[in-house]
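Shown next, in structure tokens, is the structure this report addresses.
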Amino acid sequence: MFKRVLIANRGEIAVRIAQTLQQMGIKTVAVYSDADRRALHVQVADEAYPLPGNTSAETYLRYDKIIALAEEHGVDAIHPGYGFLSENEDFATACADARITFIGPSPDVIRDMGDKIIAKEKFVAAGVPVVPGWSGDVTIGIDALKKEAAKIGYPVLIKAAAGGGGKGMRVVPKESDLASSIEAAQREANAAFGDGCVFMEKYITRPRHVEFQIFGDSHGNVVHLFERECSIQRRHQKIIEESPSPALSPELRTKMGEAAVRAAKAIGYTNAGTVEFMVDADGHFYFLEVNTRLQVEHPVTEMITHHDLVRAQLIVAAGGKLPFTQDDLRQQGHALECRIYAEDASRGFLPSIGTLEHYVPPAGPNIRVDSGVSEGSQVTVFYDPMLSKLIVWGRNRDEAIARMDWALARYVVMGVTSNIEFLRTVLNHAEFRAGRLHTQFLDEHKITAPIAAIPDEALIAAALAGRNGVASSRSAATHDRGEASVGPWQSANAWRAF
Amino acid sequence: MFKRVLIANRGEIAVRIAQTLQQMGIKTVAVYSDADRRALHVQVADEAYPLPGNTSAETYLRYDKIIALAEEHGVDAIHPGYGFLSENEDFATACADARITFIGPSPDVIRDMGDKIIAKEKFVAAGVPVVPGWSGDVTIGIDALKKEAAKIGYPVLIKAAAGGGGKGMRVVPKESDLASSIEAAQREANAAFGDGCVFMEKYITRPRHVEFQIFGDSHGNVVHLFERECSIQRRHQKIIEESPSPALSPELRTKMGEAAVRAAKAIGYTNAGTVEFMVDADGHFYFLEVNTRLQVEHPVTEMITHHDLVRAQLIVAAGGKLPFTQDDLRQQGHALECRIYAEDASRGFLPSIGTLEHYVPPAGPNIRVDSGVSEGSQVTVFYDPMLSKLIVWGRNRDEAIARMDWALARYVVMGVTSNIEFLRTVLNHAEFRAGRLHTQFLDEHKITAPIAAIPDEALIAAALAGRNGVASSRSAATHDRGEASVGPWQSANAWRAF
Amino acid sequence: MMKLHFKPHGDGEPIEVAIQKTDTKDHDCYQITLADRQAHAEIESTGPGAGWLRVQGRVLPFRILKKDGMLSVWLAGKTHKLELIDRTARRSTGSTAAAKQSHLQAPMPGTVLKINATPGAAFEAHAPLVVMESMKMEMTLSAPHNGRVKDVRCKPGQLVEMGAVLVTFAEDGHGGAA
Amino acid sequence: MMKLHFKPHGDGEPIEVAIQKTDTKDHDCYQITLADRQAHAEIESTGPGAGWLRVQGRVLPFRILKKDGMLSVWLAGKTHKLELIDRTARRSTGSTAAAKQSHLQAPMPGTVLKINATPGAAFEAHAPLVVMESMKMEMTLSAPHNGRVKDVRCKPGQLVEMGAVLVTFAEDGHGGAA
């Protein structure tokens with residue numbers, strides 16, 4: 001097994017990977033940008049080295065610098081987490097050149113699966129159903145493109161060939177929107193992935209997003225660890241995930257799992273990956289794409305299988321056999337994940353930046369919080385505004401939902417605006433409780449941030465806290481150096497004037 | 001199901017019970033002493049009512065007051081937790097008289113099992129092996145007692161007929177110590193339980209303490225939820241518990257589990273209970289006692305069975321059937337629990353009182369902390385100095401130990417002295433790792449608090465923190481009302497003088 | 001007796017909260033008058049900006065934060081924003097923003113990608129005026145109402161602060177050519 | 001250059017730590033001299049009494065607390081207690097307790113159960129003098145050395161504070177009847 005592993009990432013996933021590494025007796029090496037100097041992922045590592053600069057392009061995407069640090073500090077292997085360099089074929093190749101193990105699939109697999117058009121062809125060859133669509137050179141001109149779109153039938157979906165996460169995606173309801181949508185998608189794809197290549201496919205109305213966790217080793221073993229339903233999305237960004245999917249019969253689960261494994265075997269897949277499918281109202285499923293990395297929502301799978309996927313990644317990357325066979329794996333109970341974002345649902349989900357003046361994640365049996373921040377952390381403009389993931393387990397879906405709602409109601413985030421109240425609105429929607437999920441759920445049910453009337457108790461708390469000097473700001477107490485700190489209540493003249 | 005349940009307890013168990021109740025949609029009602037006004041168990045409840053006074057006798061043991069509050073506030077049922085009134089037959093009877101459900105076994109069972117002499121007789125009748133001993137009227141005089149002790153054979157153990165938790169227990173190595181030991185045990189038993197009645201039994205050298213979780217409903221179903229090994233004890237107080245026991249073969253486990261269930265059925269046991277056994281080096285087991293309540297270490301069982309024991313208690317107390325059958329139950333993986341005490345291992349484990357200036361429990365997958373305190377909490381002289389329980393799960397014992405050690409190393413407790421470093425010393429002892437446990441483990445291996453040399457880094461931290469004004473005391477910032485708070489670093493003249 | 005006046009953030013009428021200490025012992029107990037409602041409340045501090053209220057037996061942990069002149073109160077899973085109105089103060093509260101917008105501001109820090117506005121050009125409500133990228137997401141800033149561009153104060157590729165004025169609007173009846 | 005002197009709590013020689021700031025930028029970087037050892041260290045605050053050190057790449061979160069004149073430093077799972085020695089101070093540190101004990105103190109608050117001491121009575125080292133109950137546990141307070149009782153300052157059933165003097169000892173060669 002490796003002795004020293006560098007985590008080429010930040011935030012909650014860097015913290016979570018460090019936990020497994022350290023519990024396996026492996027030293028963890030972190031890297032950090034200037035903006036992340038006080039970040040949690042630095043504090044939990046055994047060693048940490050700076051990547052000067054603030055933007056991703058200057059820091060976490062600079063694989064030349066990361067590999068140089070790894071070589072300088074005797075690192076055996078690099079875990080890329082998700083995002084950043086995790087699906088970068090060049091990085092995986094550069095690691096191999098430096099004789100450092102990249103914890104993930106081979107560069108070839110990353111390249112092929114990173115190109116959605118090639119990925120689709122490979123899956124078609126393995127007999128996996130795919131969504132009808134068109135791909136080719138978009139410079140054929142708008143008239144030719146309109147013809148292709150008409151063949152597929154509106155609504156049509158424009159997608160970036162590289163990358164994922166909703167960037168470079170546009171739904172086109174009618175022909176007149178086609179040109180502007182392709183242009184916008186290309187611009188976004190270019191900005192996000194440095195590759196403006198896009199393609200079109202049939203837009204399936206009210207599909208469910210159901211993905212299968214797959215895992216392969218270098219001995220030819222490939223298994224799946226069941227599905228995750230990730231239909232609750234906002235602008236193609238997943239926000240609530242669960243397993244089992246309320247939509248899958250045991251037969252459909254077996255069929256889809258077998259299809260995922262068959263395709264993964266056909267392409268010689270190793271390490272952790274995810275095969276994403278759309279499932280329509282009639283239970284037909286269509287291959288979407290493969291993510292060649294650990295997925296944000298992997299804890300859902302960990303909670304229903306009781307296996308640590310990061311640990312399995314390390315074993316497989318070190319040349320070992322998968323620590324589980326398909327027959328070992330059981331889907332026990334029900335797991336739910338909510339992604340906690342610093343964003344303001346009442347202002348169009350604009351990211352909210354600032355200092356986490358109060359940050360108290362919930363805790364209790366069968367509650368897991370994978371957090372990238374702690375009280376006093378800064379949320380900056382430079383990176384993704386996800387603060388944490390709240391994952392719960394229950395014996396069944398109802399119990400899991402009740403536990404999640406309980407936990408969200410006790411999750412204190414102040415200083416930045418969070419999506420916690422929005423998540424609770426979704427979770428308590430009758431259609432969500434009934435399990436009738438699809439990717440347009442939030443739009444169709446017009447779910448927005450609730451506007452709560454201010455209860456008397458909040459006014460009483462505000463009045464009495466001011467009167468008693470209870471209220472104070474963390475930043476005032478913490479970050480004033482050299483001079484005596486004065487609580488904000490004392491300086492509120494109006495407050496004390498009465 | 002009940003609508004409103006009063007928790008007649010405090011600390012971590014009151015917090016933990018509230019979590020299950022609230023997630024089941026049941027309103028929780030807390031009670032609190034003057035000293036507990038700011039305690040965590042008050043904050044997590046839906047409603048809370050004061051019990052004036054500070055000592056247990058004035059507050060959490062005053063069942064007349066507790067029942068009056070329950071009646072006044074429309075409570076359906078009372079959960080007694082452990083300790084305090086949990087094994088008090090009179091309280092259970094008074095609840096029944098007030099038509100409030102007592103969440104636990106019937107008063108008759110509590111009475112019979114509370115008297116260790118009667119309990120032993122009942123278990124003998126059910127064919128469960130017991131330790132040879134003598135019980136009777138100790139006023140027969142010291143000479144007669146010496147004769148009885150000689151028949152049993154030294155070492156002999158003196159135990160209180162009422163209660164548990166190590167109170168009123170004395171090991172007597174030789175005849176000359178018998179009189180003073182009986183006197184001390186009687187005095188302690190009298191103080192703790194209001195009943196000085198004691199008995200003698202054979203003291204088994206190096207026994208393991210292995211107990212079985214049992215559960216019965218009012219429909220005649222009784223099951224066991226496997227064992228917990230609790231051999232690591234200090235002054236008869238358990239400090240580390242685990243399941244499975246490293247000592248039990250599958251055959252022995254089945255045999256002991258069946259014996260526990262057989263006896264429980266014979267006495268008509270309902271709700272949660274624990275049958276404690278001693279296991280000697282040859283795998284013989286002897287009945288010790290029955291605890292007619294939820295046990296401190298019940299989370300160990302929850303983690304290996306994935307069942308919520310408090311939830312099961314509520315279902316059974318409401319007249320429902322057990323939510324699991326013996327065949328449903330599986331022992332999965334390995335769970336370990338460490339009890340975190342505010343006590344100073346370097347000063348003879350004296351309880352340590354004060355304010356928790358820093359309190360940061362560890363978190364991560366498969367780590368559960370049942371905590372009765374939070375940062376800023378007061379640890380007082382009035383109650384048991386247990387702060388929390390740290391429970392971890394692993395696929396096997398080695399993984400669980402590694403995770404526990406990782407978690408303990410990250411558990412920050414400052415302001416009071418904790419036993420965390422002592423626990424890590426035990427956990428890292430070669431004999432503990434080998435699973436060779438027995439109840440004299442700590443004495444025999446002379447495990448004491450480690451005396452760590454001060455590392456350079458601690459001196460550097462102290463010097464730089466003072467220089468930079470990092471250090472500050474929470475109490476100075478929080479509890480000074482009305483005047484601007486000055487950090488202690490600023491007021492440390494010597495500090496700034498250089 | 002002490003009276004405080006709060007205004008809910010955004011819309012809403014000011015609310016008067018009158019508090020009267022009822023207990024001189026250790027505990028902080030108060031009689032509260034809130035419009036026509038009365039309540040007895042206790043408060044206890046559990047840390048900086050943290051505490052609990054006890055009203056009619058119900059225990060309500062809260063967190064409170066004063067930031068940018070606004071009070072945020074977290075209570076039972078919801079965060080409420082309030083302004084404290086100083087009835088004795090001379091200065092105005094500064095919260096009376098112009099009813100009609102005179103400019104388009106950056107809602108958060110980010111990079112300007114594209115500008116669909118030229119000085120003097122007319123625009124309709126909801127017309128996309130500026131495309132920005134922030135936190136790796138593209139967003140379109142649309143016109144709040146019909147109007148005419150007065151001045152463009154940013155250029156593509158520019159990194160702008162939150163609140164930066166990107167485009168100013170001509171006042172009614174004024175401005176450049178149609 | 002700033003020099004600080006620490007004494008490990010309990011036994012141990014004072015240790016000098018010399019610190020010299022090496023960086024005038026945002027980060028707080030220092031050159032440290034500790035006896036014959038040198039190190040480069042960075043420090044960052046993450047909250048009240050909390051922060052991390054970075055020494056030779058290693059990141060070490062710490063917590064620090066000043067209480068009763070003593071510094072406690074939590075680092076990598078261990079808590080270290082230090083005294084800061086003020087070399088310029090006029091007043092004595094107050095930590096030089098008498099080498100021989102002149103009395104028996106309550107090690108913590110609790111109730112006195114039993115007293116095995118009468119004024120003038122001689123006792124041997126380890127003899128049980130007082131039995132107390134605290135936190136529901138019984139504990140025996142034993143004689144620290146051979147000696148003679150001077151005075152008994154408590155009685156059974158009495159609730160005593162931590163540090164309360166329970167029994168005083170006669171000075172050497174003095175005291176009551178044998």
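A note on labels: chains of the structure tokens are A, B, ... as shown, every chain counts residues from 1, and ligands are counted from 1 in their shown order.
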
- Task: Could you give me, as a list in words, the residues within 9 Å of range 251-253 of chain B, counting only C-alpha atoms and dropping anything in the same chain fewer than 3 positions from it?
- Result: Phe226, Glu227, Leu248, Met256, Gly257, Glu258 and Gly283 of chain B

Once you have the residues from the selection above, write them out as a CSV table (one decimal), in the first residue's frame, restricted to N, CA, C and O atoms.
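As a result, result-v9.csv now contains:
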chain,number,residue,atom,x,y,z
B,226,PHE,N,-27.3,-10.0,20.3
B,226,PHE,CA,-25.9,-10.4,20.4
B,226,PHE,C,-25.3,-9.7,21.7
B,226,PHE,O,-26.0,-9.2,22.5
B,227,GLU,N,-24.0,-9.9,21.7
B,227,GLU,CA,-23.2,-9.5,23.0
B,227,GLU,C,-22.5,-8.2,22.8
B,227,GLU,O,-22.3,-7.7,21.7
B,248,LEU,N,-15.7,-14.8,21.9
B,248,LEU,CA,-16.9,-15.8,21.7
B,248,LEU,C,-16.8,-16.5,20.3
B,248,LEU,O,-16.7,-15.8,19.3
B,256,MET,N,-24.9,-18.8,24.8
B,256,MET,CA,-25.2,-17.7,25.8
B,256,MET,C,-26.4,-16.9,25.4
B,256,MET,O,-27.2,-16.5,26.3
B,257,GLY,N,-26.6,-16.6,24.1
B,257,GLY,CA,-27.8,-15.9,23.7
B,257,GLY,C,-29.0,-16.6,24.0
B,257,GLY,O,-30.0,-16.1,24.5
B,258,GLU,N,-29.0,-17.9,23.8
B,258,GLU,CA,-30.2,-18.8,24.1
B,258,GLU,C,-30.5,-18.8,25.6
B,258,GLU,O,-31.6,-18.7,26.0
B,283,GLY,N,-13.9,-20.4,28.8
B,283,GLY,CA,-15.1,-20.2,28.1
B,283,GLY,C,-16.3,-20.6,28.9
B,283,GLY,O,-17.4,-20.8,28.3

- Message: With only C-alpha atoms as the counted atoms, please give the residues lying no more than 8 Å from Pro385 in chain A, apart from itself and same-chain residues fewer than 6 positions off, as JSON, numbers by chain.
- Response: {"A": [341, 342, 343, 351, 352, 379], "C": [135]}

Export of prior selection with N, CA and C atoms as a short mmCIF file (atom, residue, chain, number, x, y, z; two decimals), in the first residue's frame:
data_model
loop_
_atom_site.label_atom_id
_atom_site.label_comp_id
_atom_site.auth_asym_id
_atom_site.auth_seq_id
_atom_site.Cartn_x
_atom_site.Cartn_y
_atom_site.Cartn_z
N TYR A 341 -25.42 24.24 -0.14
CA TYR A 341 -24.73 25.28 -0.89
C TYR A 341 -24.85 26.63 -0.21
N ALA A 342 -23.80 27.45 -0.37
CA ALA A 342 -23.88 28.85 0.03
C ALA A 342 -24.50 29.59 -1.15
N GLU A 343 -25.81 29.65 -1.16
CA GLU A 343 -26.50 30.33 -2.26
C GLU A 343 -27.85 30.82 -1.75
N PRO A 351 -24.73 32.55 -5.73
CA PRO A 351 -23.79 32.15 -4.68
C PRO A 351 -23.62 33.26 -3.66
N SER A 352 -23.50 32.89 -2.41
CA SER A 352 -23.38 33.84 -1.31
C SER A 352 -21.99 33.70 -0.71
N VAL A 379 -16.10 31.70 2.68
CA VAL A 379 -16.60 31.22 1.40
C VAL A 379 -16.24 32.28 0.37
N MET C 135 -18.42 32.24 -9.91
CA MET C 135 -18.42 30.90 -9.31
C MET C 135 -18.63 29.85 -10.40
#

I want to know what sits within 9 Å of Leu427 in chain B, based on only C-alpha atoms, with residues of the same chain fewer than 5 positions away left out; could you give that as a compact mmCIF listing (two decimals) with C-alpha atoms, in the first residue's frame?
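Saved as result-v2.txt:
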# COMPACT_ATOMS: atom_id res chain seq x y z
CA ILE B 240 -14.43 0.57 26.55
CA ILE B 401 -9.59 0.26 16.51
CA MET B 404 -11.25 4.94 17.16
CA ASP B 405 -7.62 5.92 17.63
CA PHE B 422 -5.60 7.40 28.76
CA PHE B 432 -5.79 -4.90 23.80
CA ARG B 433 -5.01 -5.12 20.09

Distance query range 181-193 of chain B at most 12 Å, only C-alpha atoms, self and fewer than 6 positions along chain excluded, as a JSON list (two decimals) with N, CA and C atoms, in the first residue's frame:
[["chain", "number", "residue", "atom", "x", "y", "z"],
["B", 56, "SER", "N", -28.93, 15.32, 42.71],
["B", 56, "SER", "CA", -29.84, 14.35, 42.11],
["B", 56, "SER", "C", -31.05, 14.12, 43.01],
["B", 57, "ALA", "N", -30.81, 14.06, 44.31],
["B", 57, "ALA", "CA", -31.89, 13.79, 45.26],
["B", 57, "ALA", "C", -32.96, 14.88, 45.19],
["B", 61, "LEU", "N", -34.13, 12.60, 40.83],
["B", 61, "LEU", "CA", -34.67, 11.45, 41.56],
["B", 61, "LEU", "C", -36.05, 11.75, 42.15],
["B", 83, "GLY", "N", -29.59, 4.93, 34.82],
["B", 83, "GLY", "CA", -29.30, 5.61, 36.09],
["B", 83, "GLY", "C", -30.57, 6.23, 36.64],
["B", 84, "PHE", "N", -30.41, 7.18, 37.55],
["B", 84, "PHE", "CA", -31.54, 7.89, 38.17],
["B", 84, "PHE", "C", -32.71, 6.94, 38.46],
["B", 85, "LEU", "N", -33.87, 7.18, 37.83],
["B", 85, "LEU", "CA", -35.08, 6.42, 38.17],
["B", 85, "LEU", "C", -35.30, 5.19, 37.29],
["B", 87, "GLU", "N", -34.29, 2.18, 37.14],
["B", 87, "GLU", "CA", -34.53, 0.84, 37.69],
["B", 87, "GLU", "C", -35.24, 0.94, 39.03],
["B", 88, "ASN", "N", -36.09, 1.96, 39.13],
["B", 88, "ASN", "CA", -36.81, 2.22, 40.37],
["B", 88, "ASN", "C", -38.24, 1.70, 40.23],
["B", 114, "GLY", "N", -33.82, -6.15, 40.25],
["B", 114, "GLY", "CA", -33.07, -5.18, 41.03],
["B", 114, "GLY", "C", -32.48, -5.79, 42.28],
["B", 115, "ASP", "N", -33.07, -6.85, 42.73],
["B", 115, "ASP", "CA", -32.51, -7.57, 43.87],
["B", 115, "ASP", "C", -31.64, -8.69, 43.32],
["B", 138, "VAL", "N", -26.32, -10.32, 56.86],
["B", 138, "VAL", "CA", -24.92, -10.14, 57.28],
["B", 138, "VAL", "C", -24.79, -9.90, 58.78],
["B", 139, "THR", "N", -25.89, -9.68, 59.44],
["B", 139, "THR", "CA", -25.79, -9.48, 60.90],
["B", 139, "THR", "C", -25.56, -10.80, 61.65],
["B", 141, "GLY", "N", -22.93, -12.01, 62.00],
["B", 141, "GLY", "CA", -21.66, -11.79, 62.68],
["B", 141, "GLY", "C", -20.48, -12.18, 61.83],
["B", 142, "ILE", "N", -19.38, -11.57, 62.12],
["B", 142, "ILE", "CA", -18.19, -11.69, 61.27],
["B", 142, "ILE", "C", -17.65, -13.12, 61.25],
["B", 145, "LEU", "N", -19.71, -15.09, 58.90],
["B", 145, "LEU", "CA", -19.44, -14.61, 57.53],
["B", 145, "LEU", "C", -18.11, -15.16, 57.05],
["B", 146, "LYS", "N", -17.12, -15.18, 57.93],
["B", 146, "LYS", "CA", -15.80, -15.71, 57.57],
["B", 146, "LYS", "C", -15.90, -17.18, 57.16],
["B", 149, "ALA", "N", -17.40, -17.27, 53.69],
["B", 149, "ALA", "CA", -16.41, -16.82, 52.71],
["B", 149, "ALA", "C", -15.38, -17.93, 52.45],
["B", 156, "VAL", "N", -12.90, -13.25, 47.46],
["B", 156, "VAL", "CA", -14.36, -13.19, 47.52],
["B", 156, "VAL", "C", -14.78, -11.77, 47.11],
["B", 157, "LEU", "N", -15.94, -11.67, 46.50],
["B", 157, "LEU", "CA", -16.42, -10.35, 46.08],
["B", 157, "LEU", "C", -17.65, -9.97, 46.88],
["B", 158, "ILE", "N", -17.65, -8.75, 47.46],
["B", 158, "ILE", "CA", -18.83, -8.23, 48.17],
["B", 158, "ILE", "C", -19.59, -7.34, 47.19],
["B", 159, "LYS", "N", -20.88, -7.53, 47.07],
["B", 159, "LYS", "CA", -21.67, -6.72, 46.15],
["B", 159, "LYS", "C", -22.94, -6.22, 46.81],
["B", 160, "ALA", "N", -23.40, -5.05, 46.35],
["B", 160, "ALA", "CA", -24.66, -4.50, 46.86],
["B", 160, "ALA", "C", -25.82, -5.24, 46.19],
["B", 161, "ALA", "N", -26.82, -5.59, 46.96],
["B", 161, "ALA", "CA", -27.99, -6.29, 46.39],
["B", 161, "ALA", "C", -28.76, -5.35, 45.46],
["B", 162, "ALA", "N", -28.80, -4.08, 45.82],
["B", 162, "ALA", "CA", -29.47, -3.09, 44.95],
["B", 162, "ALA", "C", -28.43, -2.43, 44.06],
["B", 163, "GLY", "N", -28.83, -1.97, 42.89],
["B", 163, "GLY", "CA", -27.98, -1.10, 42.08],
["B", 163, "GLY", "C", -26.81, -1.77, 41.41],
["B", 164, "GLY", "N", -25.98, -0.95, 40.77],
["B", 164, "GLY", "CA", -24.83, -1.44, 40.02],
["B", 164, "GLY", "C", -23.83, -0.32, 39.82],
["B", 165, "GLY", "N", -23.10, -0.38, 38.73],
["B", 165, "GLY", "CA", -22.15, 0.67, 38.42],
["B", 165, "GLY", "C", -20.94, 0.69, 39.32],
["B", 166, "GLY", "N", -20.66, -0.42, 39.96],
["B", 166, "GLY", "CA", -19.44, -0.49, 40.76],
["B", 166, "GLY", "C", -19.59, 0.05, 42.17],
["B", 167, "LYS", "N", -20.75, 0.64, 42.45],
["B", 167, "LYS", "CA", -20.93, 1.19, 43.80],
["B", 167, "LYS", "C", -21.28, 0.08, 44.78],
["B", 168, "GLY", "N", -20.65, 0.13, 45.95],
["B", 168, "GLY", "CA", -20.90, -0.90, 46.95],
["B", 168, "GLY", "C", -20.24, -2.23, 46.65],
["B", 169, "MET", "N", -19.17, -2.22, 45.84],
["B", 169, "MET", "CA", -18.45, -3.45, 45.50],
["B", 169, "MET", "C", -17.07, -3.44, 46.14],
["B", 170, "ARG", "N", -16.65, -4.58, 46.63],
["B", 170, "ARG", "CA", -15.31, -4.70, 47.20],
["B", 170, "ARG", "C", -14.78, -6.10, 46.92],
["B", 171, "VAL", "N", -13.52, -6.20, 46.47],
["B", 171, "VAL", "CA", -12.86, -7.50, 46.35],
["B", 171, "VAL", "C", -12.11, -7.74, 47.65],
["B", 172, "VAL", "N", -12.29, -8.93, 48.21],
["B", 172, "VAL", "CA", -11.63, -9.25, 49.47],
["B", 172, "VAL", "C", -10.61, -10.35, 49.21],
["B", 173, "PRO", "N", -9.32, -10.00, 49.24],
["B", 173, "PRO", "CA", -8.31, -11.01, 48.91],
["B", 173, "PRO", "C", -8.09, -12.02, 50.03],
["B", 174, "LYS", "N", -8.26, -11.56, 51.27],
["B", 174, "LYS", "CA", -7.97, -12.47, 52.39],
["B", 174, "LYS", "C", -8.89, -12.18, 53.58],
["B", 175, "GLU", "N", -8.97, -13.15, 54.47],
["B", 175, "GLU", "CA", -9.93, -13.10, 55.57],
["B", 175, "GLU", "C", -9.81, -11.85, 56.42],
["B", 199, "PHE", "N", -24.11, -8.96, 49.47],
["B", 199, "PHE", "CA", -23.91, -10.42, 49.46],
["B", 199, "PHE", "C", -22.50, -10.75, 48.97],
["B", 200, "MET", "N", -22.11, -12.01, 49.07],
["B", 200, "MET", "CA", -20.74, -12.44, 48.71],
["B", 200, "MET", "C", -20.82, -13.45, 47.58],
["D", 111, "THR", "N", -18.62, 15.70, 49.97],
["D", 111, "THR", "CA", -19.13, 15.57, 51.33],
["D", 111, "THR", "C", -18.17, 14.72, 52.16],
["D", 113, "LEU", "N", -17.40, 12.03, 54.79],
["D", 113, "LEU", "CA", -18.16, 10.90, 55.34],
["D", 113, "LEU", "C", -17.63, 10.47, 56.70],
["D", 114, "LYS", "N", -16.32, 10.41, 56.83],
["D", 114, "LYS", "CA", -15.73, 9.77, 58.02],
["D", 114, "LYS", "C", -14.38, 10.41, 58.29],
["D", 131, "VAL", "N", -12.51, 10.14, 54.86],
["D", 131, "VAL", "CA", -13.23, 9.51, 53.76],
["D", 131, "VAL", "C", -14.24, 10.53, 53.23],
["D", 132, "MET", "N", -14.18, 10.79, 51.93],
["D", 132, "MET", "CA", -15.08, 11.77, 51.31],
["D", 132, "MET", "C", -15.93, 11.08, 50.26],
["D", 133, "GLU", "N", -17.04, 11.71, 49.92],
["D", 133, "GLU", "CA", -17.80, 11.25, 48.78],
["D", 133, "GLU", "C", -17.95, 12.43, 47.82],
["D", 134, "SER", "N", -17.70, 12.14, 46.57],
["D", 134, "SER", "CA", -17.79, 13.19, 45.57],
["D", 134, "SER", "C", -18.20, 12.56, 44.27],
["D", 135, "MET", "N", -19.06, 13.19, 43.49],
["D", 135, "MET", "CA", -19.53, 12.66, 42.21],
["D", 135, "MET", "C", -19.99, 11.21, 42.40],
["D", 136, "LYS", "N", -20.63, 10.93, 43.51],
["D", 136, "LYS", "CA", -21.19, 9.61, 43.83],
["D", 136, "LYS", "C", -20.13, 8.52, 44.05],
["D", 137, "MET", "N", -18.85, 8.91, 44.17],
["D", 137, "MET", "CA", -17.81, 7.92, 44.43],
["D", 137, "MET", "C", -17.19, 8.22, 45.80],
["D", 138, "GLU", "N", -16.88, 7.14, 46.52],
["D", 138, "GLU", "CA", -16.25, 7.29, 47.82],
["D", 138, "GLU", "C", -14.74, 7.34, 47.63],
["D", 139, "MET", "N", -14.04, 8.22, 48.33],
["D", 139, "MET", "CA", -12.57, 8.20, 48.23],
["D", 139, "MET", "C", -11.94, 8.47, 49.57],
["D", 140, "THR", "N", -10.82, 7.82, 49.77],
["D", 140, "THR", "CA", -10.11, 7.92, 51.04],
["D", 140, "THR", "C", -8.91, 8.83, 50.86],
["D", 157, "GLY", "N", -20.51, 14.68, 57.19],
["D", 157, "GLY", "CA", -21.73, 15.26, 56.60],
["D", 157, "GLY", "C", -21.53, 16.64, 56.02]]

- Message: Give me, as a PyMOL selection string, the residues of chain B touching chain C, with the criterion being at most 10 Å (counting only C-alpha atoms).
- Response: chain B and resi 29-30+34+37-40+42-50+73+374-377+474-475+477-479

Selected residues written out, C-alpha atoms, as an mmCIF file, in the first residue's frame:
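Okay, result.cif is ready:
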data_model
loop_
_atom_site.group_PDB
_atom_site.id
_atom_site.type_symbol
_atom_site.label_atom_id
_atom_site.label_comp_id
_atom_site.auth_asym_id
_atom_site.auth_seq_id
_atom_site.Cartn_x
_atom_site.Cartn_y
_atom_site.Cartn_z
ATOM 1 C CA VAL B 29 -40.330 17.179 27.171
ATOM 2 C CA ALA B 30 -37.163 17.715 29.196
ATOM 3 C CA ASP B 34 -30.716 24.575 38.322
ATOM 4 C CA ARG B 37 -30.176 25.307 33.007
ATOM 5 C CA ARG B 38 -27.751 25.731 30.130
ATOM 6 C CA ALA B 39 -27.255 22.014 29.523
ATOM 7 C CA LEU B 40 -27.495 20.541 26.053
ATOM 8 C CA VAL B 42 -32.543 21.282 27.614
ATOM 9 C CA GLN B 43 -31.684 22.943 24.301
ATOM 10 C CA VAL B 44 -32.503 19.924 22.158
ATOM 11 C CA ALA B 45 -35.935 19.331 23.713
ATOM 12 C CA ASP B 46 -39.201 20.747 22.425
ATOM 13 C CA GLU B 47 -40.245 21.784 25.897
ATOM 14 C CA ALA B 48 -38.410 21.895 29.203
ATOM 15 C CA TYR B 49 -39.501 22.351 32.810
ATOM 16 C CA PRO B 50 -37.342 23.091 35.832
ATOM 17 C CA HIS B 73 -48.186 19.004 30.497
ATOM 18 C CA SER B 374 -21.157 21.296 23.785
ATOM 19 C CA GLU B 375 -18.525 24.013 23.786
ATOM 20 C CA GLY B 376 -19.161 26.306 26.719
ATOM 21 C CA SER B 377 -20.972 23.656 28.801
ATOM 22 C CA ARG B 474 -14.191 31.359 25.553
ATOM 23 C CA SER B 475 -15.539 32.203 28.965
ATOM 24 C CA ALA B 477 -15.566 36.332 25.535
ATOM 25 C CA THR B 478 -18.929 34.817 26.345
ATOM 26 C CA HIS B 479 -19.776 35.442 29.876
#
